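S.K.: What follows is the file protein-v7.pdb, containing PDB, C-alpha atoms, pLDDT in the B column:
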```
ATOM      1  CA  MET A   2     -15.315  19.269  -0.195  1.00 49.00           C
ATOM      2  CA  LYS A   3     -18.593  19.615   1.688  1.00 48.00           C
ATOM      3  CA  SER A   4     -20.782  18.021  -0.984  1.00 50.00           C
ATOM      4  CA  HIS A   5     -18.365  15.401  -2.284  1.00 51.00           C
ATOM      5  CA  LEU A   6     -16.336  14.278   0.699  1.00 54.00           C
ATOM      6  CA  PHE A   7     -18.640  14.329   3.698  1.00 55.00           C
ATOM      7  CA  GLY A   8     -22.057  15.436   2.421  1.00 58.00           C
ATOM      8  CA  ASP A   9     -24.553  15.093   5.278  1.00 58.00           C
ATOM      9  CA  ILE A  10     -21.895  15.123   7.996  1.00 59.00           C
ATOM     10  CA  PHE A  11     -20.710  18.612   7.049  1.00 61.00           C
ATOM     11  CA  ALA A  12     -24.219  19.850   6.306  1.00 64.00           C
ATOM     12  CA  GLY A  13     -25.488  18.770   9.739  1.00 65.00           C
ATOM     13  CA  ASP A  14     -24.424  19.733  13.215  1.00 70.00           C
ATOM     14  CA  GLN A  15     -22.786  16.444  14.232  1.00 71.00           C
ATOM     15  CA  LEU A  16     -19.299  17.985  14.229  1.00 77.00           C
ATOM     16  CA  THR A  17     -17.905  21.153  15.704  1.00 83.00           C
ATOM     17  CA  PRO A  18     -15.880  23.380  13.364  1.00 83.00           C
ATOM     18  CA  ALA A  19     -12.701  22.137  15.112  1.00 86.00           C
ATOM     19  CA  ASP A  20     -13.727  18.492  14.559  1.00 85.00           C
ATOM     20  CA  ARG A  21     -14.594  19.190  10.914  1.00 82.00           C
ATOM     21  CA  GLU A  22     -11.063  20.460  10.315  1.00 85.00           C
ATOM     22  CA  ILE A  23      -9.563  17.375  12.001  1.00 83.00           C
ATOM     23  CA  VAL A  24     -11.707  15.092   9.814  1.00 82.00           C
ATOM     24  CA  THR A  25     -10.678  17.092   6.736  1.00 84.00           C
ATOM     25  CA  VAL A  26      -6.989  16.830   7.654  1.00 82.00           C
ATOM     26  CA  ALA A  27      -7.352  13.057   8.097  1.00 82.00           C
ATOM     27  CA  ALA A  28      -9.112  12.680   4.731  1.00 78.00           C
ATOM     28  CA  LEU A  29      -6.641  14.868   2.849  1.00 78.00           C
ATOM     29  CA  SER A  30      -3.723  12.951   4.374  1.00 75.00           C
ATOM     30  CA  GLY A  31      -4.760   9.918   2.355  1.00 66.00           C
ATOM     31  CA  LEU A  32      -4.866  11.720  -1.001  1.00 67.00           C
ATOM     32  CA  GLU A  33      -2.109  12.508  -3.454  1.00 64.00           C
ATOM     33  CA  GLY A  34      -1.557  15.921  -5.004  1.00 68.00           C
ATOM     34  CA  VAL A  35      -3.369  17.912  -2.313  1.00 75.00           C
ATOM     35  CA  GLU A  36      -0.389  19.162  -0.295  1.00 76.00           C
ATOM     36  CA  PRO A  37      -1.441  22.861  -0.459  1.00 84.00           C
ATOM     37  CA  GLN A  38      -4.958  22.003   0.784  1.00 86.00           C
ATOM     38  CA  LEU A  39      -3.554  19.785   3.541  1.00 81.00           C
ATOM     39  CA  VAL A  40      -1.237  22.558   4.749  1.00 86.00           C
ATOM     40  CA  SER A  41      -4.146  25.021   4.717  1.00 89.00           C
ATOM     41  CA  HIS A  42      -6.482  22.698   6.639  1.00 89.00           C
ATOM     42  CA  LYS A  43      -3.780  21.865   9.195  1.00 88.00           C
ATOM     43  CA  ARG A  44      -3.531  25.612   9.873  1.00 91.00           C
ATOM     44  CA  GLY A  45      -7.335  25.802   9.915  1.00 90.00           C
ATOM     45  CA  ALA A  46      -7.539  22.963  12.461  1.00 90.00           C
ATOM     46  CA  VAL A  47      -5.228  24.891  14.769  1.00 93.00           C
ATOM     47  CA  ASN A  48      -7.117  28.164  14.172  1.00 92.00           C
ATOM     48  CA  MET A  49     -10.372  26.386  15.142  1.00 90.00           C
ATOM     49  CA  GLY A  50      -8.927  25.475  18.536  1.00 92.00           C
ATOM     50  CA  ASN A  51      -7.121  22.160  18.017  1.00 90.00           C
ATOM     51  CA  PRO A  52      -3.646  22.051  19.553  1.00 91.00           C
ATOM     52  CA  LYS A  53      -0.904  22.056  16.895  1.00 90.00           C
ATOM     53  CA  GLU A  54       0.647  19.039  18.626  1.00 89.00           C
ATOM     54  CA  LEU A  55      -2.623  17.083  18.133  1.00 88.00           C
ATOM     55  CA  VAL A  56      -2.762  17.928  14.426  1.00 86.00           C
ATOM     56  CA  ASP A  57       0.908  17.012  13.923  1.00 82.00           C
ATOM     57  CA  GLU A  58       0.475  13.813  15.941  1.00 83.00           C
ATOM     58  CA  LEU A  59      -2.568  12.799  13.851  1.00 84.00           C
ATOM     59  CA  CYS A  60      -0.655  13.243  10.581  1.00 79.00           C
ATOM     60  CA  ALA A  61       2.400  11.389  11.914  1.00 75.00           C
ATOM     61  CA  TRP A  62       0.222   8.537  13.182  1.00 76.00           C
ATOM     62  CA  LEU A  63      -1.607   8.219   9.842  1.00 74.00           C
ATOM     63  CA  ASP A  64       1.747   8.065   8.047  1.00 67.00           C
ATOM     64  CA  HIS A  65       3.278   5.592  10.532  1.00 61.00           C
ATOM     65  CA  GLU A  66       0.281   3.264  10.426  1.00 60.00           C
ATOM     66  CA  GLY A  67       0.306   3.248   6.637  1.00 56.00           C
ATOM     67  CA  TYR A  68      -3.058   4.955   6.144  1.00 61.00           C
ATOM     68  CA  THR A  69      -1.372   7.367   3.781  1.00 64.00           C
ATOM     69  CA  LEU A  70       0.886   6.519   0.888  1.00 68.00           C
ATOM     70  CA  ARG A  71       3.879   8.693   1.560  1.00 66.00           C
ATOM     71  CA  SER A  72       6.735   7.444  -0.509  1.00 75.00           C
ATOM     72  CA  LYS A  73       9.578   8.679  -2.632  1.00 79.00           C
ATOM     73  CA  TRP A  74       8.876   5.778  -4.984  1.00 83.00           C
ATOM     74  CA  PRO A  75       6.415   6.274  -7.825  1.00 84.00           C
ATOM     75  CA  LYS A  76       2.969   4.742  -7.391  1.00 86.00           C
ATOM     76  CA  GLY A  77       2.839   3.820 -11.065  1.00 87.00           C
ATOM     77  CA  THR A  78      -0.118   3.063 -13.270  1.00 91.00           C
ATOM     78  CA  PRO A  79      -2.942   0.609 -12.593  1.00 93.00           C
ATOM     79  CA  ASN A  80      -1.637  -2.941 -12.932  1.00 94.00           C
ATOM     80  CA  THR A  81      -4.352  -3.970 -15.383  1.00 94.00           C
ATOM     81  CA  ALA A  82      -2.309  -6.668 -17.141  1.00 93.00           C
ATOM     82  CA  PHE A  83      -2.233  -8.764 -13.958  1.00 93.00           C
ATOM     83  CA  ALA A  84      -5.382  -7.464 -12.226  1.00 94.00           C
ATOM     84  CA  GLN A  85      -7.047 -10.878 -12.469  1.00 95.00           C
ATOM     85  CA  TYR A  86      -4.355 -12.253 -10.122  1.00 95.00           C
ATOM     86  CA  PHE A  87      -4.793  -9.568  -7.443  1.00 95.00           C
ATOM     87  CA  THR A  88      -7.503  -8.869  -4.895  1.00 93.00           C
ATOM     88  CA  GLY A  89      -7.959  -5.114  -4.832  1.00 91.00           C
ATOM     89  CA  ASN A  90      -5.960  -2.576  -6.791  1.00 92.00           C
ATOM     90  CA  SER A  91      -2.256  -2.643  -7.458  1.00 95.00           C
ATOM     91  CA  TYR A  92      -0.029  -0.310  -9.443  1.00 94.00           C
ATOM     92  CA  LEU A  93       3.202  -0.877 -11.335  1.00 94.00           C
ATOM     93  CA  ALA A  94       6.109   1.491 -11.993  1.00 93.00           C
ATOM     94  CA  ASP A  95       9.261   0.677 -13.956  1.00 93.00           C
ATOM     95  CA  VAL A  96      12.030   2.289 -11.908  1.00 91.00           C
ATOM     96  CA  GLY A  97      14.858   1.347 -14.247  1.00 89.00           C
ATOM     97  CA  GLY A  98      16.767  -1.655 -15.445  1.00 87.00           C
ATOM     98  CA  VAL A  99      14.915  -4.799 -14.416  1.00 91.00           C
ATOM     99  CA  VAL A 100      13.503  -3.280 -11.201  1.00 94.00           C
ATOM    100  CA  HIS A 101       9.800  -2.497 -10.762  1.00 94.00           C
ATOM    101  CA  ASN A 102       7.933  -0.889  -7.909  1.00 94.00           C
ATOM    102  CA  VAL A 103       4.619  -2.550  -7.064  1.00 96.00           C
ATOM    103  CA  THR A 104       2.146  -0.538  -4.974  1.00 94.00           C
ATOM    104  CA  PHE A 105      -0.708  -2.332  -3.206  1.00 95.00           C
ATOM    105  CA  GLU A 106      -3.757  -0.564  -1.791  1.00 91.00           C
ATOM    106  CA  PRO A 107      -4.761  -1.679   1.724  1.00 89.00           C
ATOM    107  CA  ARG A 108      -5.987  -5.330   1.713  1.00 91.00           C
ATOM    108  CA  CYS A 109      -4.686  -5.929  -1.827  1.00 95.00           C
ATOM    109  CA  ARG A 110      -2.637  -9.068  -2.359  1.00 96.00           C
ATOM    110  CA  ASN A 111      -1.717 -11.342  -5.199  1.00 96.00           C
ATOM    111  CA  ASN A 112      -2.722 -14.955  -5.707  1.00 96.00           C
ATOM    112  CA  TRP A 113      -0.447 -17.842  -4.903  1.00 96.00           C
ATOM    113  CA  HIS A 114       2.122 -18.121  -7.672  1.00 96.00           C
ATOM    114  CA  ILE A 115       5.403 -19.739  -8.647  1.00 97.00           C
ATOM    115  CA  HIS A 116       8.301 -18.268 -10.616  1.00 97.00           C
ATOM    116  CA  HIS A 117       9.666 -21.127 -12.687  1.00 97.00           C
ATOM    117  CA  GLY A 118      13.289 -20.750 -13.710  1.00 96.00           C
ATOM    118  CA  SER A 119      14.030 -17.563 -11.760  1.00 96.00           C
ATOM    119  CA  ALA A 120      14.387 -16.304  -8.223  1.00 95.00           C
ATOM    120  CA  GLN A 121      12.447 -13.206  -7.153  1.00 96.00           C
ATOM    121  CA  VAL A 122      13.656 -10.530  -4.742  1.00 96.00           C
ATOM    122  CA  LEU A 123      11.256  -8.225  -2.857  1.00 96.00           C
ATOM    123  CA  ILE A 124      12.433  -5.094  -1.035  1.00 96.00           C
ATOM    124  CA  CYS A 125       9.791  -3.269   1.008  1.00 95.00           C
ATOM    125  CA  VAL A 126      10.144   0.498   0.583  1.00 92.00           C
ATOM    126  CA  SER A 127       6.903   1.838   2.081  1.00 88.00           C
ATOM    127  CA  GLY A 128       3.959   0.810   4.257  1.00 87.00           C
ATOM    128  CA  ARG A 129       3.274  -2.607   5.737  1.00 91.00           C
ATOM    129  CA  GLY A 130       2.652  -5.890   4.007  1.00 95.00           C
ATOM    130  CA  TRP A 131       2.920  -9.659   4.182  1.00 97.00           C
ATOM    131  CA  TYR A 132       4.822 -12.438   2.443  1.00 97.00           C
ATOM    132  CA  GLN A 133       3.973 -16.122   2.745  1.00 97.00           C
ATOM    133  CA  GLU A 134       5.530 -19.284   1.404  1.00 97.00           C
ATOM    134  CA  TRP A 135       3.391 -22.390   0.942  1.00 95.00           C
ATOM    135  CA  GLY A 136       3.234 -24.393   4.178  1.00 95.00           C
ATOM    136  CA  LYS A 137       4.726 -21.621   6.338  1.00 96.00           C
ATOM    137  CA  GLU A 138       3.363 -18.746   8.408  1.00 96.00           C
ATOM    138  CA  ALA A 139       3.068 -15.317   6.784  1.00 96.00           C
ATOM    139  CA  VAL A 140       5.853 -12.894   7.709  1.00 97.00           C
ATOM    140  CA  PRO A 141       5.449  -9.118   8.007  1.00 97.00           C
ATOM    141  CA  MET A 142       7.194  -6.760   5.626  1.00 96.00           C
ATOM    142  CA  THR A 143       8.094  -3.210   6.619  1.00 93.00           C
ATOM    143  CA  PRO A 144      10.479  -0.736   4.984  1.00 91.00           C
ATOM    144  CA  GLY A 145      13.893  -2.346   4.676  1.00 93.00           C
ATOM    145  CA  THR A 146      12.645  -5.948   4.696  1.00 95.00           C
ATOM    146  CA  VAL A 147      14.269  -7.988   1.933  1.00 96.00           C
ATOM    147  CA  ILE A 148      12.856 -11.354   0.864  1.00 96.00           C
ATOM    148  CA  ALA A 149      14.761 -13.608  -1.539  1.00 96.00           C
ATOM    149  CA  ILE A 150      12.343 -16.152  -3.021  1.00 97.00           C
ATOM    150  CA  PRO A 151      13.951 -19.228  -4.551  1.00 96.00           C
ATOM    151  CA  ALA A 152      12.786 -20.436  -7.944  1.00 97.00           C
ATOM    152  CA  GLU A 153       9.879 -22.890  -7.772  1.00 97.00           C
ATOM    153  CA  MET A 154       8.679 -21.565  -4.366  1.00 97.00           C
ATOM    154  CA  LYS A 155       4.884 -21.184  -4.169  1.00 97.00           C
ATOM    155  CA  HIS A 156       4.130 -17.864  -2.436  1.00 97.00           C
ATOM    156  CA  TRP A 157       2.063 -14.660  -2.281  1.00 97.00           C
ATOM    157  CA  HIS A 158       2.651 -11.089  -1.073  1.00 97.00           C
ATOM    158  CA  GLY A 159       0.482  -8.065  -0.449  1.00 97.00           C
ATOM    159  CA  ALA A 160      -0.609  -5.195   1.769  1.00 95.00           C
ATOM    160  CA  ALA A 161      -1.766  -5.348   5.360  1.00 93.00           C
ATOM    161  CA  LYS A 162      -5.505  -4.785   5.761  1.00 89.00           C
ATOM    162  CA  ASP A 163      -5.007  -1.223   6.999  1.00 83.00           C
ATOM    163  CA  SER A 164      -1.906  -0.061   5.133  1.00 86.00           C
ATOM    164  CA  TRP A 165      -0.624   0.782   1.701  1.00 88.00           C
ATOM    165  CA  PHE A 166       2.411  -1.300   0.754  1.00 92.00           C
ATOM    166  CA  GLN A 167       5.174  -0.839  -1.800  1.00 94.00           C
ATOM    167  CA  HIS A 168       7.957  -3.184  -2.727  1.00 96.00           C
ATOM    168  CA  LEU A 169      10.634  -3.166  -5.341  1.00 95.00           C
ATOM    169  CA  THR A 170      10.948  -6.432  -7.215  1.00 95.00           C
ATOM    170  CA  TYR A 171      13.359  -7.986  -9.639  1.00 95.00           C
ATOM    171  CA  HIS A 172      14.268 -11.472 -10.821  1.00 94.00           C
ATOM    172  CA  LYS A 173      17.720 -13.018 -10.698  1.00 92.00           C
ATOM    173  CA  ASP A 174      19.283 -16.258 -11.861  1.00 92.00           C
ATOM    174  CA  VAL A 175      16.850 -16.174 -14.766  1.00 89.00           C
ATOM    175  CA  GLN A 176      16.958 -19.348 -16.832  1.00 93.00           C
ATOM    176  CA  GLU A 177      15.922 -19.619 -20.477  1.00 95.00           C
ATOM    177  CA  GLY A 178      12.196 -20.329 -20.699  1.00 93.00           C
ATOM    178  CA  SER A 179      11.418 -18.897 -17.249  1.00 94.00           C
ATOM    179  CA  SER A 180       7.738 -18.237 -16.542  1.00 93.00           C
ATOM    180  CA  ASN A 181       5.175 -17.422 -13.866  1.00 93.00           C
ATOM    181  CA  GLU A 182       2.432 -19.822 -12.881  1.00 94.00           C
ATOM    182  CA  TRP A 183      -0.558 -18.055 -11.322  1.00 95.00           C
ATOM    183  CA  MET A 184      -2.840 -20.062  -9.074  1.00 93.00           C
ATOM    184  CA  GLU A 185      -6.007 -19.524  -7.104  1.00 83.00           C
ATOM    185  CA  LEU A 186      -6.191 -17.036  -4.251  1.00 77.00           C
ATOM    186  CA  GLU A 187      -6.670 -19.752  -1.616  1.00 68.00           C
ATOM    187  CA  GLN A 188      -5.217 -23.240  -2.039  1.00 50.00           C
TER     188      GLN A 188
END
```
Is it possible to give me this structure as structure tokens?
M.R.:
Amino acid sequence: MKSHLFGDIFAGDQLTPADREIVTVAALSGLEGVEPQLVSHKRGAVNMGNPKELVDELCAWLDHEGYTLRSKWPKGTPNTAFAQYFTGNSYLADVGGVVHNVTFEPRCRNNWHIHHGSAQVLICVSGRGWYQEWGKEAVPMTPGTVIAIPAEMKHWHGAAKDSWFQHLTYHKDVQEGSSNEWMELEQ
């Protein structure tokens, strides 16, 4: 952790041991698969003199603000097939039937696009994001937000600048010969 995560900061005397544990807790909160280490460093932060309430409040705030991806939905695999139409990294998970979960890293969004011959439905399940139709203001998406996008509607969707974002998506009223038309990022 010292050499890979913080290097000079941990090697120097810029932080007290209590502050080092708080920084470690914050960093681990944003990683997957490190629950045992996070639990240990939360205890360590308290043992170094940080109030338990402060440590718990930090973790809750990081989750609430979307700095951590805490979700019951799978993150999926890198969305390499459509990466050219996204700024930043996105991930795709088939969750069954015709439903997919799309995970966006903070600041990631897709280009303007149109679904010809089908309507698209987005259901936000985690984090904070945005949806915008051509000619209208962007609208925020938070868990529980459902957006029904009519066929032929030019739009984009993606994560807020400081939050992970996940939405389920599926298409309905699919016509024969339906397709997606991907456009530039800004038009």
S.K.: Using all atoms listed in the file, which of A:Thr170, A:Thr104, A:Ser30, A:Asn90 sits nearest Ile124 (chain A)?
M.R.: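 Between A:Thr170, A:Thr104, A:Ser30, A:Asn90, the residue approaching Ile124 (chain A) most closely is A:Thr170.
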S.K.: Rank A:Ser179, A:Gln167, A:Asn102, A:Gln15 by their smallest atom-to-atom distance to Ser127 (chain A), using all atoms listed in the file, and report the top residue only.
M.R.: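 Of all the options, A:Gln167 lies closest to Ser127 (chain A).
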S.K.: Rank nothing, just name the residue among A:Asp163, A:Glu36, A:Glu134, A:Glu153 nearest to Asn181 (chain A), using only C-alpha atoms.
M.R.: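 Nearest to Asn181 (chain A): A:Glu153.
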S.K.: Distance CA of Ala27 (chain A)-CA of Pro141 (chain A), one decimal place?
M.R.: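 That distance, rounded to one decimal, is 25.6 Å.
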S.K.: Provide the CA of Ala19 (chain A) to CA of Asn51 (chain A) distance in Å, to one decimal place.
M.R.: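 Straight-line distance from CA of Ala19 (chain A) to CA of Asn51 (chain A) works out to 6.3 Å.
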S.K.: Identify which of the residues A:Ala160, A:Met49, A:Ile115, A:Ala152 lies closest to Ala139 (chain A), counting only C-alpha atoms when measuring atom-to-atom distances.
M.R.: A:Ala160
S.K.: Quote the spacing between CA of His117 (chain A) and CA of Phe166 (chain A) in Å to one decimal place.
M.R.: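 Going from CA of His117 (chain A) over to CA of Phe166 (chain A), I get 25.0 Å.
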S.K.: Which is closer to Ser180 (chain A) than all the others in A:Ala161, A:Ala120, A:Leu55, A:Val26, using all atoms listed in the file?
M.R.: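 Smallest separation from Ser180 (chain A) among the options: A:Ala120.
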S.K.: Taking (-1.5, -6.0, 3.0) in the file's own coordinates, collect the residues within 10 Å, counting all atoms listed in the file, and hand them back as an mmCIF file with C-alpha atoms, keeping the file's coordinate frame.
M.R.:
```cif
data_model
loop_
_atom_site.group_PDB
_atom_site.id
_atom_site.type_symbol
_atom_site.label_atom_id
_atom_site.label_comp_id
_atom_site.auth_asym_id
_atom_site.auth_seq_id
_atom_site.Cartn_x
_atom_site.Cartn_y
_atom_site.Cartn_z
ATOM 1 C CA PHE A 105 -0.708 -2.332 -3.206
ATOM 2 C CA GLU A 106 -3.757 -0.564 -1.791
ATOM 3 C CA PRO A 107 -4.761 -1.679 1.724
ATOM 4 C CA ARG A 108 -5.987 -5.330 1.713
ATOM 5 C CA CYS A 109 -4.686 -5.929 -1.827
ATOM 6 C CA ARG A 110 -2.637 -9.068 -2.359
ATOM 7 C CA ASN A 111 -1.717 -11.342 -5.199
ATOM 8 C CA GLY A 128 3.959 0.810 4.257
ATOM 9 C CA ARG A 129 3.274 -2.607 5.737
ATOM 10 C CA GLY A 130 2.652 -5.890 4.007
ATOM 11 C CA TRP A 131 2.920 -9.659 4.182
ATOM 12 C CA TYR A 132 4.822 -12.438 2.443
ATOM 13 C CA PRO A 141 5.449 -9.118 8.007
ATOM 14 C CA MET A 142 7.194 -6.760 5.626
ATOM 15 C CA HIS A 158 2.651 -11.089 -1.073
ATOM 16 C CA GLY A 159 0.482 -8.065 -0.449
ATOM 17 C CA ALA A 160 -0.609 -5.195 1.769
ATOM 18 C CA ALA A 161 -1.766 -5.348 5.360
ATOM 19 C CA LYS A 162 -5.505 -4.785 5.761
ATOM 20 C CA ASP A 163 -5.007 -1.223 6.999
ATOM 21 C CA SER A 164 -1.906 -0.061 5.133
ATOM 22 C CA TRP A 165 -0.624 0.782 1.701
ATOM 23 C CA PHE A 166 2.411 -1.300 0.754
ATOM 24 C CA GLN A 167 5.174 -0.839 -1.800
#
```
S.K.: So, with all atoms listed in the file as the atoms that count, which of A:Thr88, A:Gln176, A:Cys60, A:Leu169 lies closest to Pro144 (chain A)?
M.R.: A:Leu169
